[in-house]
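Taking it in order: structure first as structure tokens, then the write-up.
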Protein chains: 4
Amino acid sequence: MVSTNDGAAQLDRLVARFQAVASPLRQHLAELHGELARADAGSVAGYIPELARARPEWFGISVVTLDGQACDVGDAQVPFTIQSISKPLVYGMALDHLGLDEVLRRVGVEPSGDPFNAVLVDERSCRPHNPMVNAGAIATSDLIPGAGATERLHVLLETFRRYTGREVSIDGAVFTSERETGHRNRAIAHLMRNFGMLSPRLEESLDLYFQQCSVLVTTRDLAAIAATLANGGVNPLTGERAIAAAHVRHVLSVMYSCGMYDSAGEWAFEVGLPAKSGVAGGIMAVVPGQGGIGVFSPPLDRSGNSVRGVATCRALVQRYDLHLLSGTARSSALRDAARRG
Amino acid sequence: MVSTNDGAAQLDRLVARFQAVASPLRQHLAELHGELARADAGSVAGYIPELARARPEWFGISVVTLDGQACDVGDAQVPFTIQSISKPLVYGMALDHLGLDEVLRRVGVEPSGDPFNAVLVDERSCRPHNPMVNAGAIATSDLIPGAGATERLHVLLETFRRYTGREVSIDGAVFTSERETGHRNRAIAHLMRNFGMLSPRLEESLDLYFQQCSVLVTTRDLAAIAATLANGGVNPLTGERAIAAAHVRHVLSVMYSCGMYDSAGEWAFEVGLPAKSGVAGGIMAVVPGQGGIGVFSPPLDRSGNSVRGVATCRALVQRYDLHLLSGTARSSALRDAARRG
Amino acid sequence: MVSTNDGAAQLDRLVARFQAVASPLRQHLAELHGELARADAGSVAGYIPELARARPEWFGISVVTLDGQACDVGDAQVPFTIQSISKPLVYGMALDHLGLDEVLRRVGVEPSGDPFNAVLVDERSCRPHNPMVNAGAIATSDLIPGAGATERLHVLLETFRRYTGREVSIDGAVFTSERETGHRNRAIAHLMRNFGMLSPRLEESLDLYFQQCSVLVTTRDLAAIAATLANGGVNPLTGERAIAAAHVRHVLSVMYSCGMYDSAGEWAFEVGLPAKSGVAGGIMAVVPGQGGIGVFSPPLDRSGNSVRGVATCRALVQRYDLHLLSGTARSSALRDAARRG
Amino acid sequence: MVSTNDGAAQLDRLVARFQAVASPLRQHLAELHGELARADAGSVAGYIPELARARPEWFGISVVTLDGQACDVGDAQVPFTIQSISKPLVYGMALDHLGLDEVLRRVGVEPSGDPFNAVLVDERSCRPHNPMVNAGAIATSDLIPGAGATERLHVLLETFRRYTGREVSIDGAVFTSERETGHRNRAIAHLMRNFGMLSPRLEESLDLYFQQCSVLVTTRDLAAIAATLANGGVNPLTGERAIAAAHVRHVLSVMYSCGMYDSAGEWAFEVGLPAKSGVAGGIMAVVPGQGGIGVFSPPLDRSGNSVRGVATCRALVQRYDLHLLSGTARSSALRDAARRG
């Protein structure tokens with residue numbers, strides 16, 4: 001008779017064996033991880049104690065390809081809060097729920113040229129600039145359907161589950177902290193309420209926004225989310241659809257032009273992949289038609305993006321020629337690299 | 001013996017026959033042209049008399065594919081001034097001449113969030129925001145190499161020739177008018193001079209900028225330029241290289257994020273192709289790996305983009321699924337459509 | 001023996017007789033009133049139903065001089081809400097309570113160049129720009145001392161009483177309406193809370209702010225308040241001190257540079273008196289060393305100032321040479337004019 | 001018979017004797033000078049070599065009262081360039097020449113909220129914001145009448161002569177330097193030309209502007225100019241009129257609200273006198289009805305105002321209660337203090 005512990009141990013061994021398989025991609029990721037782990041630039045976000053406690057040396061990378069291969073190196077199992085990386089997912093939920101036209105009436109798609117947390121909306125079009133700045137993300141959260149706080153949260157978590165392929169949970173301490181100190185987001189919400197951009201259930205939607213930011217994920221989760229978007233909306237690990245195919249390009253478009261805070265232009269220029277970063281140190285990048293990349297490392301640069309996360313994406317794009325506008329990119333570069341030699 | 005005239009006539013006939021071939025693309029373009037020709041929104045640019053004289057009903061469309069097919073409908077032979085569509089070409093010249101690092105030191109790659117002709121630079125980075133706004137374009141023109149005005153103009157026109165596949169000329173009346181009324185661009189130049197962003201040969205570089213904007217082109221030329229960029233820098237009609245392969249993606253990146261004036265975000269969202277428009281009514285759009293689109297129709301929308309030009313690109317993208325971030329796009333859609341049935 | 005009622009009636013008669021006396025000022029005010037009553041420019045504030053109900057033809061003017069003369073014409077007894085004219089009074093309360101240095105640490109004195117209700121603070125100095133914009137006024141209300149909402153409101157009303165010389169009350173319907181629709185002010189408060197510019201009793205202070213704006217006054221009250229400030233802080237009708245002498249010039253200074261919304265510069269240039277206007281149609285203007293002017297007429301110009309109110313002040317300044325920077329002004333012009341012939 | 005030289009010498013002796021008289025004001029100025037001379041905050045303007053050569057210890061103070069008394073301490077005879085202090089004088093010239101309405105059509109009177117040298121105009125009203133920012137000052141210089149550069153310069157210098165009571169000259173080296181490095185002002189001029197705010201004689205007017213900034217003055221000159229404005233436009237030392245009485249209050253108004261660069265609001269709040277500072281270290285302050293103050297000390301604070309100049313004015317205002325909005329100010333404080341004991 002095999003005890004549960006034995007079963008877990010057995011599974012661990014199986015996983016270890018799989019992990020041991022030396023695909024060229026895994027080999028390259030390991031080298032890259034070793035090289036970038038030595039860098040110590042950037043500083044961990046400290047606006048709430050829960051984030052400030054993150055260890056600056058944490059560093060994980062995961063890649064999931066469309067043919068279902070997965071590859072993790074480093075701290076790929078350390079959970080962290082998804083923060084702003086939740087924004088494209090909730091934008092997709094709004095598109096699926098209300099359709100493109102209705103969502104466009106409520107949230108724009110123009111880069112704002114202002115900080116992501118600016119207490120500012122596009123008064124000309126009477127919309128927040130785009131769903132990647134806080135104003136737009138709060139407006140998008142306000143669109144999550146449901147009869148009350150609990151039902152709406154359930155809808156949210158269920159969608160996240162389809163993207164990650166597993167049940168996700170909320171870090172209660174982070175949520176409470178964000179809620180208590182979120183004066184700026186509260187200011188944004190009231191400003192939007194002033195313009196009629198937000199429903200009267202402002203407090204509930206703000207809570208939902210703080211909750212979506214507090215969902216716990218790993219780099220593997222981020223890579224799965226990214227791969228789902230790279231795969232037309234179907235999670236390549238589970239085969240489950242997370243977002244309608246027709247809406248994937250809308251989500252990717254706003255990620256491409258507005259996903260990386262202040263340095264969106266530089267990112268589009270140098271990396272050239274739809275991506276989104278979060279203040280806890282996560283970055284996910286989508287390689288359309290090929291796969292998804294998830295990186296986690298808490299120290300942030302001045303724009304608020306993970307220093308090692310940006311460096312990792314940059315290196316992978318260069319190595320495998322993944323820039324969306326590179327004329328010489330092959331559409332199977334990532335998949336081929338992920339296959340064992 | 002066949003006289004030259006006879007030869008030309010013979011060639012005309014050959015071309016006519018080729019043009020008559022009813023490829024699905026040509027058929028579709030003709031229908032599209034007929035449909036959009038009826039629209040009468042927008043207004044012709046009127047800041048100089050030369051542009052104000054343009055006829056609002058002018059409307060031409062050209063497509064050039066990477067396998068060398070060309071397809072024109074409507075007023076594809078009416079010459080007009082290239083205006084801002086010259087900006088990506090001159091940016092590419094600067095990259096070829098000085099290399100990426102040096103050019104990045106002088107011109108940024110971030111969308112500015114301000115009008116294209118704003119008398120404004122990024123004082124933090126001490127650069128114009130990007131090469132698609134006037135400030136950045138003037139700074140880029142300043143980088144055109146050569147010993148004096150004439151030599152530098154020659155270098156410019158020679159590059160344009162490689163893109164279009166034919167000698168191009170300058171509309172002298174437009175140039176003179178732009179130069180005389182270009183107070184705003186002169187203000188921009190002096191502001192940049194103030195920050196040391198411009199060399200002391202300010203007047204000469206301004207003249208060069210006014211000249212590059214006054215180059216006469218047709219929609220066929222725009223389609224050829226776009227196809228050259230779609231083809232990694234080699235003109236698919238002549239086989240001549242116009243820009244180093246390594247720099248093509250940089251040019252396309254800034255076109256993608258900053259090419260369509262105020263509506264760059266909306267364009268990236270809905271059309272999803274690197275593109276550039278000019279105030280005379282031209283638009284060129286690049287379909288990477290597939291081909292180039294050139295449209296001309298003088299009436300402009302509020303953002304300064306040709307109304308029919310935008311509608312044409314939007315329709316083609318939808319019909320052939322050309323959006324860069326569309327998961328279902330086939331890389332041969334345009335080529336196949338351009339082939340005779 | 002004379003009953004109280006008889007006494008009141010007797011007093012009324014005395015007052016009426018006094019009012020009947022044809023001083024040159026009264027004569028001039030009556031002419032001015034007749035002339036300006038015919039103007040019908042501007043539109044009544046309509047953001048809450050209570051203000052929208054104001055009759056556009058309401059028009060009253062009052063002048064109170066430092067030697068205690070009072071002169072009313074038109075609708076001088078119609079009560080209206082004081083709105084932003086409460087701001088200088090509450091600023092004075094803060095100065096009296098905390099002293100200049102402490103107040104300067106919390107609220108600046110620079111014109112903002114932005115709309116009065118901008119959701120914006122001076123992040124460089126970590127203060128609202130000045131106490132005449134909403135942000136600064138809310139920060140000032142937050143400084144009203146007291147153990148709770150009721151006590152603080154009592155302190156507020158008691159100060160207002162000393163300025164007007166009579167008990168004032170709050171228009172409950174306006175207060176409730178302002179509170180319910182005050183999303184923008186709520187946004188401002190949360191933004192300030194984010195920067196630590198506001199105490200945790202944010203909701204209470206916002207209520208206090210909405211209450212101070214809803215205090216009911218007449219033009220006579222406004223003239224008395226203005227005359228109190230013109231008189232070094234002592235109400236010339238009652239002899240009671242409303243604000244410390246040392247703080248009067250600080251209140252007048254911010255009124256001078258920031259009191260008339262967008263048109264503060266034009267006002268200082270053309271009228272040259274410390275003044276404050278409110279959205280209900282009131283304006284008070286201080287003639288230092290001479291007296292106070294109160295006007296009420298609901299239709300507002302584009303800057304939000306009463307059209308007839310501005311015209312009245314402009315005419316009086318011109319007639320009696322009251323501009324603060326006029327070299328030829330006599331310090332007794334208003335008093336002399338108010339005396340019977 | 002007495003030769004002219006003898007006469008001049010005699011006058012010098014008389015003046016010297018007068019200066020020696022120990023009035024309370026002179027006594028106070030000497031103490032103040034001694035005290036503030038020890039301060040060493042601020043830094044000398046260095047954008048052109050001519051200004052950078054100024055000695056940081058230079059420090060002079062002059063006061064001229066309306067009854068013709070003059071009082072100098074410290075480096076009151078060191079000449080320096082007037083720089084921006086020329087702006088109110090030229091504004092007054094425009095008013096005298098074209099009348100208020102015409103000038104208001106061309107230059108506004110609103111504080112801009114932007115740096116004095118911003119390449120920016122008020123596009124809504126199609127005017128520079130006010131005559132104290134560079135844009136407004138250049139527009140005002142453009143209004144100086146005359147048939148050509150020489151005649152217009154003559155008109156300018158003649159007006160300056162009436163204000164100072166002596167012939168003034170231009171520092172040629174400073175003028176040449178300003179002209180060569182004035183790229184920002186050139187940008188401003190071209191921007192205004194773009195909006196039709198400047199006549200075609202742009203280069204000539206810019207030269208005139210650079211010349212007016214390069215006029216050499218002493219603190220005595222500044223005090224005389226200020227006293228002229230304090231005296232309704234008549235120089236109290238010479239009895240000559242420099243500006244029409246009706247226009248004095250317009251000049252003083254823009255000085256009051258826009259005269260001290262970024263810190264105009266703070267200045268109006270704390271000092272409360274119409275004033276103007278220049279980048280060479282000069283400040284002039286007007287005490288309406290009483291006299292004029294001139295200070296010179298090159299080290300500037302972050303706003304661009306002379307550190308010792310600001311401190312001097314602040315101390316004099318406090319000592320003699322000169323704040324314009326101080327209820328207790330006596331209109332003869334300065335004159336009385338200037339009289340011998």
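A note on labels: chains of the structure tokens are A, B, ... as shown, every chain counts residues from 1, and ligands are counted from 1 in their shown order.
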Next on the checklist: According to DSSP computed on the backbone, where in range 123-312 of chain B is there strand (DSSP E or B)? Give the residues as a list in words.
Outcome noted: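 Selecting the strand (DSSP E or B) positions of range 123-312 of chain B gives Arg127, Ile170, Val215, Leu216, Val217, Val234, Arg241, Ala275, Lys276, Ser277, Gly282, Ile283, Met284, Ala285, Val286, Val287, Gly291, Gly292, Ile293, Gly294, Val295, Phe296, Leu300 and Ser306 of chain B.
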Produce a file of the selected residues containing C-alpha atoms, as an mmCIF file, in the first residue's frame.
```cif
data_model
loop_
_atom_site.group_PDB
_atom_site.id
_atom_site.type_symbol
_atom_site.label_atom_id
_atom_site.label_comp_id
_atom_site.auth_asym_id
_atom_site.auth_seq_id
_atom_site.Cartn_x
_atom_site.Cartn_y
_atom_site.Cartn_z
ATOM 1 C CA ARG B 127 15.438 64.217 -26.627
ATOM 2 C CA ILE B 170 10.406 67.857 -55.002
ATOM 3 C CA VAL B 215 8.752 64.960 -52.245
ATOM 4 C CA LEU B 216 6.123 63.977 -54.822
ATOM 5 C CA VAL B 217 4.811 60.407 -54.707
ATOM 6 C CA VAL B 234 14.565 45.103 -49.972
ATOM 7 C CA ARG B 241 18.010 47.235 -50.640
ATOM 8 C CA ALA B 275 1.628 52.743 -40.705
ATOM 9 C CA LYS B 276 2.246 56.419 -41.374
ATOM 10 C CA SER B 277 0.005 59.119 -42.682
ATOM 11 C CA GLY B 282 -1.464 59.762 -48.067
ATOM 12 C CA ILE B 283 -1.287 56.690 -45.845
ATOM 13 C CA MET B 284 1.092 53.781 -46.108
ATOM 14 C CA ALA B 285 0.598 50.591 -44.116
ATOM 15 C CA VAL B 286 3.060 47.722 -43.800
ATOM 16 C CA VAL B 287 1.904 44.099 -43.639
ATOM 17 C CA GLY B 291 3.240 43.433 -48.605
ATOM 18 C CA GLY B 292 2.554 47.141 -48.542
ATOM 19 C CA ILE B 293 -0.543 49.294 -48.899
ATOM 20 C CA GLY B 294 -0.626 52.887 -50.219
ATOM 21 C CA VAL B 295 -3.753 55.051 -50.164
ATOM 22 C CA PHE B 296 -4.337 58.667 -51.175
ATOM 23 C CA LEU B 300 -8.614 64.383 -43.342
ATOM 24 C CA SER B 306 -7.061 60.588 -44.530
#
```
Next on the checklist: Taking the DSSP secondary structure from the backbone, can you list the residues of range 89-185 of chain C that are alpha helix (DSSP H), as a PyMOL selection string?
Outcome noted: chain C and resi 89-98+100-106+134-141+149-164+172-181+183-185
Would you put the residues from that selection into a file with C-alpha atoms, as a PDB file, in the first residue's frame?
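Ended up saving to selection.pdb:
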```pdb
ATOM      1  CA  LEU C  89     -13.467  82.913   6.264  1.00  0.00           C
ATOM      2  CA  VAL C  90     -12.455  79.346   7.035  1.00  0.00           C
ATOM      3  CA  TYR C  91      -8.884  80.141   5.982  1.00  0.00           C
ATOM      4  CA  GLY C  92      -8.901  82.929   8.539  1.00  0.00           C
ATOM      5  CA  MET C  93     -10.225  80.505  11.161  1.00  0.00           C
ATOM      6  CA  ALA C  94      -7.310  78.173  10.441  1.00  0.00           C
ATOM      7  CA  LEU C  95      -4.827  81.044  10.770  1.00  0.00           C
ATOM      8  CA  ASP C  96      -6.347  82.147  14.072  1.00  0.00           C
ATOM      9  CA  HIS C  97      -6.377  78.592  15.360  1.00  0.00           C
ATOM     10  CA  LEU C  98      -2.983  77.292  14.225  1.00  0.00           C
ATOM     11  CA  LEU C 100       0.557  81.303   9.967  1.00  0.00           C
ATOM     12  CA  ASP C 101       3.527  78.935   9.872  1.00  0.00           C
ATOM     13  CA  GLU C 102       1.512  75.827  10.587  1.00  0.00           C
ATOM     14  CA  VAL C 103      -1.148  76.751   8.047  1.00  0.00           C
ATOM     15  CA  LEU C 104       1.484  77.512   5.387  1.00  0.00           C
ATOM     16  CA  ARG C 105       2.908  74.046   5.915  1.00  0.00           C
ATOM     17  CA  ARG C 106      -0.477  72.615   4.929  1.00  0.00           C
ATOM     18  CA  ASN C 134     -11.443  73.321  -3.591  1.00  0.00           C
ATOM     19  CA  ALA C 135      -8.471  71.186  -2.567  1.00  0.00           C
ATOM     20  CA  GLY C 136      -7.109  73.974  -0.392  1.00  0.00           C
ATOM     21  CA  ALA C 137     -10.516  74.795   1.024  1.00  0.00           C
ATOM     22  CA  ILE C 138     -11.147  71.171   2.011  1.00  0.00           C
ATOM     23  CA  ALA C 139      -7.704  71.035   3.627  1.00  0.00           C
ATOM     24  CA  THR C 140      -8.581  74.237   5.495  1.00  0.00           C
ATOM     25  CA  SER C 141     -11.952  72.873   6.633  1.00  0.00           C
ATOM     26  CA  ALA C 149     -18.800  66.974  13.706  1.00  0.00           C
ATOM     27  CA  THR C 150     -21.261  68.904  15.866  1.00  0.00           C
ATOM     28  CA  GLU C 151     -18.690  70.836  17.832  1.00  0.00           C
ATOM     29  CA  ARG C 152     -16.723  71.713  14.728  1.00  0.00           C
ATOM     30  CA  LEU C 153     -19.840  72.905  12.934  1.00  0.00           C
ATOM     31  CA  HIS C 154     -20.652  75.051  15.961  1.00  0.00           C
ATOM     32  CA  VAL C 155     -17.189  76.641  15.832  1.00  0.00           C
ATOM     33  CA  LEU C 156     -17.699  77.343  12.145  1.00  0.00           C
ATOM     34  CA  LEU C 157     -21.124  78.934  12.499  1.00  0.00           C
ATOM     35  CA  GLU C 158     -19.988  81.006  15.473  1.00  0.00           C
ATOM     36  CA  THR C 159     -17.203  82.526  13.380  1.00  0.00           C
ATOM     37  CA  PHE C 160     -19.592  83.237  10.534  1.00  0.00           C
ATOM     38  CA  ARG C 161     -21.875  84.944  13.052  1.00  0.00           C
ATOM     39  CA  ARG C 162     -19.116  87.327  14.106  1.00  0.00           C
ATOM     40  CA  TYR C 163     -18.478  88.274  10.472  1.00  0.00           C
ATOM     41  CA  THR C 164     -22.127  88.808   9.510  1.00  0.00           C
ATOM     42  CA  GLY C 172     -30.223  71.537   4.499  1.00  0.00           C
ATOM     43  CA  ALA C 173     -31.395  70.677   0.998  1.00  0.00           C
ATOM     44  CA  VAL C 174     -28.339  72.239  -0.618  1.00  0.00           C
ATOM     45  CA  PHE C 175     -26.053  70.512   1.885  1.00  0.00           C
ATOM     46  CA  THR C 176     -27.620  67.116   1.185  1.00  0.00           C
ATOM     47  CA  SER C 177     -27.428  67.673  -2.555  1.00  0.00           C
ATOM     48  CA  GLU C 178     -23.805  68.831  -2.472  1.00  0.00           C
ATOM     49  CA  ARG C 179     -22.880  65.868  -0.322  1.00  0.00           C
ATOM     50  CA  GLU C 180     -24.582  63.368  -2.593  1.00  0.00           C
ATOM     51  CA  THR C 181     -23.185  64.713  -5.845  1.00  0.00           C
ATOM     52  CA  HIS C 183     -17.860  63.081  -6.251  1.00  0.00           C
ATOM     53  CA  ARG C 184     -15.205  65.441  -7.473  1.00  0.00           C
ATOM     54  CA  ASN C 185     -14.610  66.922  -4.021  1.00  0.00           C
TER      55      ASN C 185
END
```
Item to check | Selection near Pro115 in chain A, 8 Å with only C-alpha atoms, sequence-local residues under 5 positions removed, as a count of residues only | outcome: 3
Item to check | Contact set, chain B to chain D: 12 Å, only C-alpha atoms, as a PyMOL selection string | outcome: chain B and resi 47+117-121+180-198+200+202
Next on the checklist: I'd like the neighbourhood of range 309-326 of chain D as a ChimeraX atom specification, where a residue qualifies if any of its atoms comes within 9 Å (using only C-alpha atoms), though same-chain residues fewer than 6 positions away should be ignored.
Outcome noted: /C:232,246,248-250,252-253,274,288,324-325 /D:28-29,32-33,36,59-61,267-274,277,281-285,287-288,293-298,300,333-334,337
Item to check | Within 7 Å of Ala338 in chain A using only C-alpha atoms, minus same-chain residues under 2 positions, as a ChimeraX atom specification | outcome: /A:23-26,69,334-336,340
